[in-house]
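Below: work.txt (compact mmCIF, C-alpha atoms)
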```txt
# COMPACT_ATOMS: atom_id res chain seq x y z
CA MET A 5 -44.62 54.09 58.83
CA LEU A 6 -41.96 56.54 57.68
CA VAL A 7 -39.72 56.08 54.68
CA LEU A 8 -36.41 57.91 54.74
CA ALA A 9 -34.53 58.13 51.47
CA ALA A 10 -30.75 58.33 51.60
CA HIS A 11 -27.86 57.85 49.19
CA TYR A 12 -24.63 55.96 49.21
CA SER A 13 -26.09 52.57 49.68
CA HIS A 14 -29.32 53.14 51.44
CA THR A 15 -32.69 54.76 51.71
CA GLU A 16 -34.27 55.02 55.12
CA LEU A 17 -37.80 55.15 56.41
CA ALA A 18 -38.26 57.04 59.62
CA PRO A 19 -40.82 56.38 62.35
CA SER A 20 -43.12 58.81 64.13
CA ALA A 21 -44.36 58.27 67.64
CA GLY A 22 -47.79 56.74 67.92
CA ARG A 23 -47.75 55.53 64.33
CA ARG A 24 -46.39 52.66 62.36
CA HIS A 25 -43.56 53.68 60.11
CA THR A 26 -41.31 51.99 57.66
CA ASN A 27 -37.94 53.05 56.41
CA THR A 28 -36.65 51.73 53.16
CA THR A 29 -33.34 51.49 51.33
CA ARG A 30 -32.18 49.42 48.45
CA THR A 31 -28.85 47.76 48.07
CA GLY A 32 -27.30 44.40 47.36
CA ASP A 33 -25.81 42.08 50.00
CA THR A 34 -22.54 44.01 49.91
CA GLU A 35 -24.36 47.32 50.40
CA GLU A 36 -26.36 46.01 53.36
CA LYS A 37 -23.14 44.99 55.09
CA GLU A 38 -21.60 48.33 54.15
CA TYR A 39 -24.53 50.20 55.66
CA ARG A 40 -24.08 48.32 58.93
CA ILE A 41 -20.56 49.74 59.25
CA GLY A 42 -21.73 53.22 58.31
CA GLN A 43 -24.57 53.12 60.82
CA LEU A 44 -22.32 52.12 63.72
CA TYR A 45 -19.75 54.76 62.78
CA MET A 46 -22.35 57.49 62.38
CA ILE A 47 -24.06 56.79 65.71
CA SER A 48 -20.76 56.86 67.61
CA LYS A 49 -19.51 60.07 66.04
CA HIS A 50 -22.90 61.80 66.11
CA CYS A 51 -23.37 61.05 69.83
CA CYS A 52 -19.95 62.48 70.61
CA GLU A 53 -20.62 65.62 68.57
CA GLN A 54 -23.95 66.20 70.33
CA SER A 55 -22.52 65.70 73.83
CA ASP A 56 -21.10 68.59 75.84
CA GLY A 57 -21.71 70.66 78.94
CA GLY A 58 -23.39 67.86 80.87
CA GLU A 59 -25.81 66.97 78.08
CA GLY A 60 -25.66 64.32 75.41
CA VAL A 61 -25.39 60.54 75.40
CA GLU A 62 -23.87 58.43 78.17
CA VAL A 63 -23.30 54.76 77.32
CA VAL A 64 -24.14 52.61 80.35
CA ARG A 65 -23.86 49.13 78.80
CA ASN A 66 -22.60 47.75 75.49
CA GLU A 67 -22.30 43.98 75.37
CA PRO A 68 -23.00 40.93 73.18
CA ASP A 69 -26.50 39.44 73.31
CA THR A 70 -28.33 36.48 71.79
CA HIS A 71 -31.87 36.29 70.47
CA PRO A 72 -33.61 32.89 70.04
CA GLU A 73 -34.84 33.87 66.56
CA HIS A 74 -32.35 36.45 65.31
CA GLY A 75 -29.14 34.96 66.71
CA LEU A 76 -26.08 36.87 67.92
CA GLY A 77 -26.26 40.60 68.34
CA GLN A 78 -25.40 43.54 70.58
CA PHE A 79 -27.25 45.11 73.49
CA THR A 80 -26.69 48.75 74.46
CA GLU A 81 -28.17 50.91 77.19
CA LYS A 82 -27.74 54.68 77.03
CA ARG A 83 -28.83 57.71 79.01
CA ILE A 84 -29.63 60.75 76.90
CA TYR A 85 -29.46 64.06 78.78
CA LEU A 86 -31.29 66.83 76.91
CA SER A 87 -32.82 69.26 79.38
CA SER A 88 -31.94 72.35 77.32
CA LYS A 89 -33.50 70.88 74.18
CA LEU A 90 -36.99 70.65 75.64
CA PRO A 91 -39.70 73.03 74.40
CA SER A 92 -40.67 75.76 76.86
CA TRP A 93 -43.99 74.14 77.80
CA ALA A 94 -42.18 70.95 78.88
CA LYS A 95 -39.57 72.80 80.92
CA THR A 96 -42.28 74.06 83.26
CA PHE A 97 -42.71 70.63 84.86
CA ALA A 98 -39.46 68.84 83.95
CA PRO A 99 -36.73 68.49 86.58
CA ARG A 100 -33.58 70.50 85.95
CA ILE A 101 -31.56 67.37 85.26
CA PHE A 102 -33.18 64.30 83.72
CA TYR A 103 -32.47 61.72 81.07
CA VAL A 104 -34.12 59.50 78.50
CA THR A 105 -33.17 55.83 78.79
CA GLU A 106 -32.51 54.05 75.50
CA LYS A 107 -32.24 50.27 75.36
CA ALA A 108 -31.37 48.74 71.99
CA TRP A 109 -31.01 45.17 70.76
CA ASN A 110 -29.13 45.09 67.46
CA PHE A 111 -29.55 41.80 65.61
CA TYR A 112 -28.78 43.32 62.24
CA PRO A 113 -30.65 43.46 59.90
CA TYR A 114 -33.34 43.52 62.62
CA THR A 115 -33.20 45.81 65.66
CA ILE A 116 -35.42 46.79 68.59
CA THR A 117 -35.07 50.12 70.41
CA GLU A 118 -37.02 51.20 73.49
CA TYR A 119 -37.15 54.60 75.20
CA SER A 120 -38.45 55.66 78.59
CA VAL A 121 -38.25 59.02 80.37
CA SER A 122 -36.99 59.34 83.92
CA PHE A 123 -39.63 61.81 85.13
CA ILE A 124 -42.76 60.99 83.07
CA PRO A 125 -44.84 58.04 84.30
CA LYS A 126 -46.39 55.60 81.87
CA PHE A 127 -44.43 56.83 78.86
CA SER A 128 -42.54 54.62 76.42
CA ILE A 129 -41.53 54.38 72.78
CA ARG A 130 -40.72 51.14 70.97
CA ILE A 131 -39.13 51.14 67.51
CA GLU A 132 -38.69 48.06 65.37
CA THR A 133 -36.28 48.35 62.44
CA ARG A 134 -35.58 46.02 59.55
CA PHE A 135 -33.11 46.65 56.73
CA GLU A 136 -33.87 45.33 53.25
CA ASP A 137 -32.45 45.58 49.74
CA ASN A 138 -35.17 47.69 48.12
CA ASN A 139 -36.27 51.33 47.92
CA GLY A 140 -39.23 51.15 50.30
CA SER A 141 -41.57 48.99 48.28
CA ASN A 142 -42.25 46.29 50.90
CA ASP A 143 -45.40 47.10 52.91
CA ILE A 144 -45.38 43.83 54.88
CA VAL A 145 -41.78 44.01 56.00
CA PHE A 146 -42.63 43.04 59.59
CA GLY A 147 -44.53 39.94 58.54
CA ASP A 148 -48.02 41.09 59.47
CA SER A 149 -50.77 42.99 57.65
CA PRO A 150 -49.76 45.74 55.18
CA THR A 151 -49.29 49.21 56.64
CA PRO A 152 -52.08 51.57 55.43
CA ALA A 153 -50.76 54.13 52.97
CA GLU A 154 -51.94 57.03 55.14
CA ASN A 155 -49.68 55.79 57.94
CA VAL A 156 -46.53 55.73 55.79
CA SER A 157 -44.21 58.73 55.60
CA PHE A 158 -41.22 58.96 53.30
CA LEU A 159 -38.23 61.05 54.37
CA ASP A 160 -35.70 62.19 51.79
CA ILE A 161 -32.24 63.11 53.14
CA LEU A 162 -31.62 65.21 50.05
CA THR A 163 -34.72 67.41 49.86
CA ASP A 164 -36.41 67.33 53.28
CA PRO A 165 -35.56 70.37 55.45
CA ILE A 166 -33.58 70.04 58.68
CA PRO A 167 -33.25 72.56 61.54
CA GLU A 168 -30.91 75.37 60.51
CA LYS A 169 -28.68 74.75 63.51
CA HIS A 170 -27.83 71.30 62.14
CA TYR A 171 -26.97 72.40 58.61
CA LYS A 172 -23.37 72.02 57.47
CA GLU A 173 -22.24 72.60 53.91
CA SER A 174 -19.97 69.54 54.16
CA GLU A 175 -23.07 67.43 54.88
CA ASP A 176 -25.19 68.95 52.09
CA LEU A 177 -25.70 65.93 49.83
CA SER A 178 -26.51 68.11 46.82
CA ARG A 179 -22.85 69.23 46.97
CA TRP A 180 -21.23 66.17 48.50
CA ARG A 181 -18.94 63.81 46.65
CA SER A 182 -17.02 60.77 47.91
CA SER A 183 -13.39 60.66 46.81
CA LYS A 184 -13.08 56.99 47.76
CA THR A 185 -16.15 55.66 45.95
CA ASN A 186 -16.83 58.45 43.42
CA ARG A 187 -20.44 58.62 44.63
CA GLY A 188 -22.42 61.84 44.77
CA PRO A 189 -23.72 64.42 44.59
CA LEU A 190 -27.36 63.42 44.90
CA GLU A 191 -29.91 64.76 42.44
CA LYS A 192 -33.68 65.09 42.67
CA GLY A 193 -35.39 61.74 42.12
CA TRP A 194 -32.28 59.80 43.10
CA ARG A 195 -34.27 57.23 45.10
CA ASP A 196 -35.99 55.97 41.94
CA HIS A 197 -32.89 55.37 39.86
CA HIS A 198 -29.80 55.29 42.07
CA LYS A 199 -27.95 52.05 42.77
CA PRO A 200 -26.74 50.80 45.17
CA ILE A 201 -29.61 51.60 47.52
CA MET A 202 -31.18 49.95 50.56
CA CYS A 203 -33.98 50.73 52.96
CA SER A 204 -34.40 50.65 56.71
CA TYR A 205 -38.02 50.13 57.72
CA LYS A 206 -39.11 51.45 61.11
CA ARG A 207 -42.33 50.82 63.01
CA VAL A 208 -42.96 52.94 66.09
CA HIS A 209 -45.31 52.35 68.99
CA CYS A 210 -45.79 55.14 71.54
CA SER A 211 -47.55 54.85 74.89
CA PHE A 212 -48.27 58.02 76.87
CA GLU A 213 -51.06 58.14 79.46
CA VAL A 214 -50.75 61.62 80.95
CA TYR A 215 -53.81 63.58 79.84
CA GLY A 216 -53.43 67.26 79.05
CA LEU A 217 -49.99 66.88 77.49
CA GLN A 218 -50.59 63.94 75.18
CA THR A 219 -51.06 65.82 71.90
CA ARG A 220 -48.18 68.22 72.45
CA THR A 221 -45.88 65.39 73.47
CA GLU A 222 -46.77 63.27 70.44
CA ASP A 223 -46.17 66.22 68.09
CA PHE A 224 -42.82 66.92 69.73
CA ILE A 225 -41.79 63.27 69.40
CA HIS A 226 -42.79 63.19 65.71
CA ARG A 227 -40.66 66.24 64.94
CA SER A 228 -37.72 65.06 67.02
CA ILE A 229 -37.55 61.59 65.49
CA LYS A 230 -37.82 63.01 61.99
CA ASP A 231 -35.00 65.49 62.62
CA ILE A 232 -32.75 62.85 64.20
CA LEU A 233 -33.23 60.45 61.32
CA LEU A 234 -32.67 63.07 58.64
CA VAL A 235 -29.55 64.55 60.25
CA GLY A 236 -28.09 61.17 61.21
CA HIS A 237 -28.46 59.59 57.79
CA ARG A 238 -27.23 62.68 55.97
CA GLN A 239 -24.12 62.33 58.11
CA ALA A 240 -23.78 58.60 57.44
CA VAL A 241 -23.59 59.42 53.73
CA ALA A 242 -21.46 62.56 54.05
CA TRP A 243 -18.93 60.75 56.26
CA LEU A 244 -18.61 57.84 53.83
CA ASP A 245 -14.90 58.44 53.18
CA GLU A 246 -14.20 58.24 56.91
CA TRP A 247 -15.63 54.76 57.44
CA HIS A 248 -15.62 53.11 54.01
CA GLY A 249 -13.45 50.01 54.06
CA LEU A 250 -13.52 49.50 57.84
CA SER A 251 -14.17 46.00 59.14
CA LEU A 252 -16.78 45.28 61.81
CA GLU A 253 -13.97 44.74 64.33
CA GLU A 254 -12.41 48.10 63.45
CA VAL A 255 -15.66 50.02 63.72
CA ARG A 256 -16.40 48.34 67.08
CA GLU A 257 -13.00 49.51 68.29
CA TYR A 258 -13.83 53.04 67.07
CA GLU A 259 -17.19 52.77 68.83
CA SER A 260 -15.50 51.86 72.12
CA THR A 261 -13.06 54.77 71.87
CA MET A 262 -15.81 57.27 71.07
CA GLN A 263 -18.00 55.99 73.91
CA GLU A 264 -15.26 56.73 76.43
CA LYS A 265 -14.79 60.20 74.98
CA THR A 266 -18.54 60.88 74.90
CA ASN A 267 -19.12 59.68 78.47
CA SER A 268 -16.26 61.90 79.64
CA LYS A 269 -17.81 64.97 77.95
CA VAL A 270 -21.20 64.32 79.55
CA LYS A 271 -19.88 63.63 83.05
CA SER A 272 -17.41 66.51 83.08
CA GLY A 273 -20.19 68.93 82.23
CA GLN A 274 -22.39 67.59 85.01
CA CYS A 275 -19.55 67.95 87.50
CA ASN A 276 -18.75 71.50 86.38
CA THR A 277 -22.18 73.07 86.71
CA GLY A 278 -20.70 75.43 89.31
CA PRO A 279 -22.64 77.25 92.04
CA GLN A 280 -25.92 76.92 90.14
CA VAL A 281 -26.25 73.42 91.55
CA SER A 282 -26.61 74.61 95.12
CA PHE A 283 -29.70 76.65 94.26
CA ARG A 284 -31.73 73.61 93.23
CA PRO A 285 -30.55 70.67 95.36
CA GLY A 286 -33.87 68.90 94.87
CA PHE A 287 -33.08 68.33 91.20
CA LEU A 288 -29.55 66.95 91.46
CA ARG A 289 -30.91 63.56 90.50
CA SER A 290 -33.33 62.21 87.94
CA LEU A 291 -36.88 62.25 89.25
CA SER A 292 -39.68 59.79 88.70
CA VAL A 293 -43.05 61.40 89.42
CA THR A 294 -45.59 58.64 89.82
CA ASP A 295 -47.74 59.58 92.82
CA GLU A 296 -51.16 61.06 92.12
CA GLN A 297 -50.74 64.06 94.43
CA SER A 298 -47.64 65.30 92.57
CA LEU A 299 -49.29 64.83 89.20
CA LYS A 300 -52.38 66.77 90.29
CA LYS A 301 -50.17 69.68 91.36
CA MET A 302 -48.82 69.77 87.81
CA GLY A 303 -52.35 69.78 86.40
CA MET A 304 -52.10 66.27 85.00
CA THR A 305 -54.04 63.05 85.42
CA THR A 306 -53.29 59.50 84.39
CA ALA A 307 -55.52 56.64 83.39
CA ALA A 308 -55.33 55.28 86.92
CA MET A 309 -56.65 58.60 88.31
CA SER A 310 -59.75 58.71 86.10
CA ASP A 311 -63.09 58.42 87.87
CA SER A 312 -65.09 55.21 87.91
CA SER A 313 -67.47 56.43 85.20
CA ALA A 314 -64.63 56.29 82.72
CA SER A 315 -63.32 52.90 83.83
CA SER A 316 -65.26 51.07 81.16
CA VAL A 317 -63.39 52.87 78.40
CA PRO A 318 -60.31 50.89 77.33
CA HIS A 319 -57.05 52.81 77.23
CA SER A 320 -54.92 51.83 74.29
CA PRO A 321 -51.14 51.97 74.84
CA SER A 322 -50.67 53.29 71.30
CA ARG A 323 -52.03 56.55 69.89
CA HIS A 324 -52.34 56.40 66.10
CA ASN A 325 -54.06 59.74 65.62
CA SER A 326 -53.71 62.79 67.84
CA THR A 327 -56.81 64.80 68.64
CA PRO A 328 -57.23 67.89 70.83
CA GLU A 329 -57.52 66.98 74.47
```
Transcribe the structure of this file into structure tokens.
Amino acid sequence: MLVLAAHYSHTELAPSAGRRHTNTTRTGDTEEKEYRIGQLYMISKHCCEQSDGGEGVEVVRNEPDTHPEHGLGQFTEKRIYLSSKLPSWAKTFAPRIFYVTEKAWNFYPYTITEYSVSFIPKFSIRIETRFEDNNGSNDIVFGDSPTPAENVSFLDILTDPIPEKHYKESEDLSRWRSSKTNRGPLEKGWRDHHKPIMCSYKRVHCSFEVYGLQTRTEDFIHRSIKDILLVGHRQAVAWLDEWHGLSLEEVREYESTMQEKTNSKVKSGQCNTGPQVSFRPGFLRSLSVTDEQSLKKMGMTTAAMSDSSASSVPHSPSRHNSTPE
């Protein structure tokens, strides 16, 4: 369980693949509602900023949904194109164009997000999130047994480092100040004394059954999720003056406008790849490699390809601790 600390009205806990994580923020009822607006605004703007040249986030579906326990909510399906962002070892077997599918059910303050990859068989990530008015102190937030302390990670949007390429002085919360709310800048130890504050708890389950790449993939997922959470929630705070005071209807309208713009940026880049496309016609679509012969050529095996002597060993869908293969 990861705990991500953030200021303005929230502290967030970030998840890592293959572990259980919790994200925490403290705030009153007003702050929880305020964070909902900020989250929707941040996701829409962030996706648009990160989309260009055929890569980024394409929104496939965004529609109302109903859950028998959590009531009315919103369902979204997105395709995340990120070929150039893969580490070199992954590019050796990844198709030239592929995408990660994200399906999310937002029944705020509870959400479910699932990820699958178009070319990796038997791979999935499931993230449960719950938002509460505290600073990360609830270790049974999902209603089951307490999360062991060694499986909890706290992320601080003020002090934790982010990749240099994502740093912007305007989003540096040690220098930031909101003209609308007079909040900021953040100071060391802010999570223990700042109000309002709220926490988003996240629990992540990762299933990956391709031997030989399991450890590297898990490490890559851990780093990627941490970076995304830190950058995204720094932005949610830094952009406070842009979304503060918006109603849910207004931010949904903004979301719709930004989705059209983002989709256009992704599709235009894919259409303008130029003559390079003709050199690799076999990769002009997303591939799903599931047959054993193709996997063997890539030096990989799956649980289904193991010999009979190993069939008695159960294969857990969730890796809690990575060990060398």
Quiz prompt | Top pick for closest residue to Val208 in chain A, considering A:Glu175, A:Glu222, A:Glu246, A:Asp231 and counting all atoms listed in the file | solution =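 Closest to Val208 in chain A, using all atoms listed in the file: A:Glu222.
In this comparison, which uses all atoms listed in the file, the residue of A:Leu90, A:Leu177, A:Val255, A:Leu159 approaching Arg220 in chain A most closely is A:Leu90.
Take CA of Leu76 in chain A and CA of Asn110 in chain A: the distance between them is 8.8 Å.
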Quiz prompt | Interatomic distance, CA of Ala98 in chain A to CA of Lys269 in chain A (Å, one decimal) | solution =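 Calculated distance between CA of Ala98 in chain A and CA of Lys269 in chain A is 22.8 Å.
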Exercise. Using all atoms listed in the file, find the one residue out of A:Gly140, A:Pro125, A:Pro152, A:Gly42 that sits nearest to Met202 in chain A.
Key: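 Of all the options, A:Gly140 lies closest to Met202 in chain A.
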Exercise. Just the residues within 7 Å of Gly60 in chain A, please, counting only C-alpha atoms, with nothing from its chain fewer than 2 positions along; format it as a list in words.
Key: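 After dropping sequence-adjacent residues, the list is Cys51, Gln54, Ser55, Asp56, Gly58, Glu62, Ile84, Tyr85, Leu86 and Val270 of chain A.
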Residue selection dump (C-alpha atoms) as an mmCIF file, in the coordinates of the input:
```
data_model
loop_
_atom_site.group_PDB
_atom_site.id
_atom_site.type_symbol
_atom_site.label_atom_id
_atom_site.label_comp_id
_atom_site.auth_asym_id
_atom_site.auth_seq_id
_atom_site.Cartn_x
_atom_site.Cartn_y
_atom_site.Cartn_z
ATOM 1 C CA CYS A 51 -23.370 61.050 69.830
ATOM 2 C CA GLN A 54 -23.950 66.200 70.330
ATOM 3 C CA SER A 55 -22.520 65.700 73.830
ATOM 4 C CA ASP A 56 -21.100 68.590 75.840
ATOM 5 C CA GLY A 58 -23.390 67.860 80.870
ATOM 6 C CA GLU A 62 -23.870 58.430 78.170
ATOM 7 C CA ILE A 84 -29.630 60.750 76.900
ATOM 8 C CA TYR A 85 -29.460 64.060 78.780
ATOM 9 C CA LEU A 86 -31.290 66.830 76.910
ATOM 10 C CA VAL A 270 -21.200 64.320 79.550
#
```
Practice problem: May I ask which of the residues A:Phe146, A:Tyr171, A:Phe123, A:Tyr112 is the closest one to Glu38 in chain A, counting all atoms listed in the file? | Solution: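 Using all atoms listed in the file, Glu38 in chain A sits closest to A:Tyr112.
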Quiz item: Do you have the CA of Thr261 in chain A-CA of Lys49 in chain A distance handy?
Solution: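 Interatomic distance here is 10.2 Å.
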Practice problem: Please provide as a list in words all residues within 12 Å of Pro167 in chain A, with the sequence filter that same-chain residues fewer than 5 positions apart are discarded (counting all atoms listed in the file). | Solution: Lys172, Arg227, Ser228, Lys230, Asp231, Ile232, Leu234 and Val235 of chain A
Self-check item: Using all atoms listed in the file: which of A:Trp109, A:Phe127, A:Trp180, A:Trp93 has the shortest distance to Leu244 in chain A
Solution: A:Trp180
Exercise. Could you give me, as JSON, numbers by chain, the residues within 9 Å of Val121 in chain A, counting only C-alpha atoms and dropping anything in the same chain fewer than 6 positions from it?
Key: {"A": [102, 103, 104, 105, 127, 128, 292]}
Quiz item: Using only C-alpha atoms, which of A:Ser87, A:Ala153, A:Lys107, A:Trp194 sits nearest Gly57 in chain A?
Solution: A:Ser87
Need a file for range 121-137 of chain A from that block: N, CA, C and O atoms, written as a JSON list (two decimals), in the first residue's frame.
```
[["chain", "number", "residue", "atom", "x", "y", "z"],
["A", 121, "VAL", "N", -2.45, -5.02, -21.42],
["A", 121, "VAL", "CA", -1.54, -4.59, -22.48],
["A", 121, "VAL", "C", -1.82, -5.39, -23.74],
["A", 121, "VAL", "O", -1.99, -6.61, -23.69],
["A", 122, "SER", "N", -1.85, -4.69, -24.87],
["A", 122, "SER", "CA", -2.32, -5.30, -26.11],
["A", 122, "SER", "C", -1.40, -6.39, -26.66],
["A", 122, "SER", "O", -1.83, -7.20, -27.46],
["A", 123, "PHE", "N", -0.13, -6.45, -26.25],
["A", 123, "PHE", "CA", 0.75, -7.45, -26.84],
["A", 123, "PHE", "C", 1.34, -8.42, -25.82],
["A", 123, "PHE", "O", 2.09, -9.32, -26.19],
["A", 124, "ILE", "N", 1.02, -8.25, -24.52],
["A", 124, "ILE", "CA", 1.55, -9.16, -23.50],
["A", 124, "ILE", "C", 0.43, -10.05, -22.98],
["A", 124, "ILE", "O", -0.55, -9.55, -22.41],
["A", 125, "PRO", "N", 0.53, -11.35, -23.16],
["A", 125, "PRO", "CA", -0.51, -12.25, -22.68],
["A", 125, "PRO", "C", -0.47, -12.39, -21.16],
["A", 125, "PRO", "O", 0.58, -12.26, -20.54],
["A", 126, "LYS", "N", -1.62, -12.62, -20.58],
["A", 126, "LYS", "CA", -1.73, -12.90, -19.16],
["A", 126, "LYS", "C", -1.09, -11.81, -18.30],
["A", 126, "LYS", "O", -0.36, -12.08, -17.35],
["A", 127, "PHE", "N", -1.39, -10.57, -18.63],
["A", 127, "PHE", "CA", -0.88, -9.44, -17.86],
["A", 127, "PHE", "C", -2.05, -8.53, -17.53],
["A", 127, "PHE", "O", -2.86, -8.18, -18.39],
["A", 128, "SER", "N", -2.15, -8.13, -16.26],
["A", 128, "SER", "CA", -3.21, -7.20, -15.88],
["A", 128, "SER", "C", -2.85, -6.51, -14.57],
["A", 128, "SER", "O", -2.07, -7.03, -13.77],
["A", 129, "ILE", "N", -3.39, -5.32, -14.40],
["A", 129, "ILE", "CA", -3.23, -4.57, -13.15],
["A", 129, "ILE", "C", -4.62, -4.12, -12.72],
["A", 129, "ILE", "O", -5.40, -3.63, -13.53],
["A", 130, "ARG", "N", -4.91, -4.26, -11.45],
["A", 130, "ARG", "CA", -6.19, -3.81, -10.90],
["A", 130, "ARG", "C", -5.89, -2.90, -9.70],
["A", 130, "ARG", "O", -5.14, -3.28, -8.79],
["A", 131, "ILE", "N", -6.45, -1.70, -9.73],
["A", 131, "ILE", "CA", -6.23, -0.73, -8.66],
["A", 131, "ILE", "C", -7.57, -0.34, -8.04],
["A", 131, "ILE", "O", -8.47, 0.12, -8.74],
["A", 132, "GLU", "N", -7.69, -0.55, -6.75],
["A", 132, "GLU", "CA", -8.85, -0.06, -6.01],
["A", 132, "GLU", "C", -8.45, 1.23, -5.29],
["A", 132, "GLU", "O", -7.36, 1.31, -4.72],
["A", 133, "THR", "N", -9.32, 2.21, -5.31],
["A", 133, "THR", "CA", -9.04, 3.48, -4.66],
["A", 133, "THR", "C", -10.21, 3.89, -3.79],
["A", 133, "THR", "O", -11.37, 3.75, -4.19],
["A", 134, "ARG", "N", -9.91, 4.38, -2.61],
["A", 134, "ARG", "CA", -10.95, 4.95, -1.75],
["A", 134, "ARG", "C", -10.41, 6.24, -1.14],
["A", 134, "ARG", "O", -9.28, 6.31, -0.67],
["A", 135, "PHE", "N", -11.24, 7.27, -1.16],
["A", 135, "PHE", "CA", -10.87, 8.58, -0.63],
["A", 135, "PHE", "C", -11.52, 8.77, 0.74],
["A", 135, "PHE", "O", -12.71, 8.52, 0.91],
["A", 136, "GLU", "N", -10.70, 9.20, 1.71],
["A", 136, "GLU", "CA", -11.21, 9.41, 3.07],
["A", 136, "GLU", "C", -10.65, 10.70, 3.66],
["A", 136, "GLU", "O", -9.62, 11.20, 3.22],
["A", 137, "ASP", "N", -11.34, 11.19, 4.67],
["A", 137, "ASP", "CA", -10.95, 12.43, 5.34],
["A", 137, "ASP", "C", -9.99, 12.14, 6.48],
["A", 137, "ASP", "O", -10.35, 12.23, 7.65]]
```
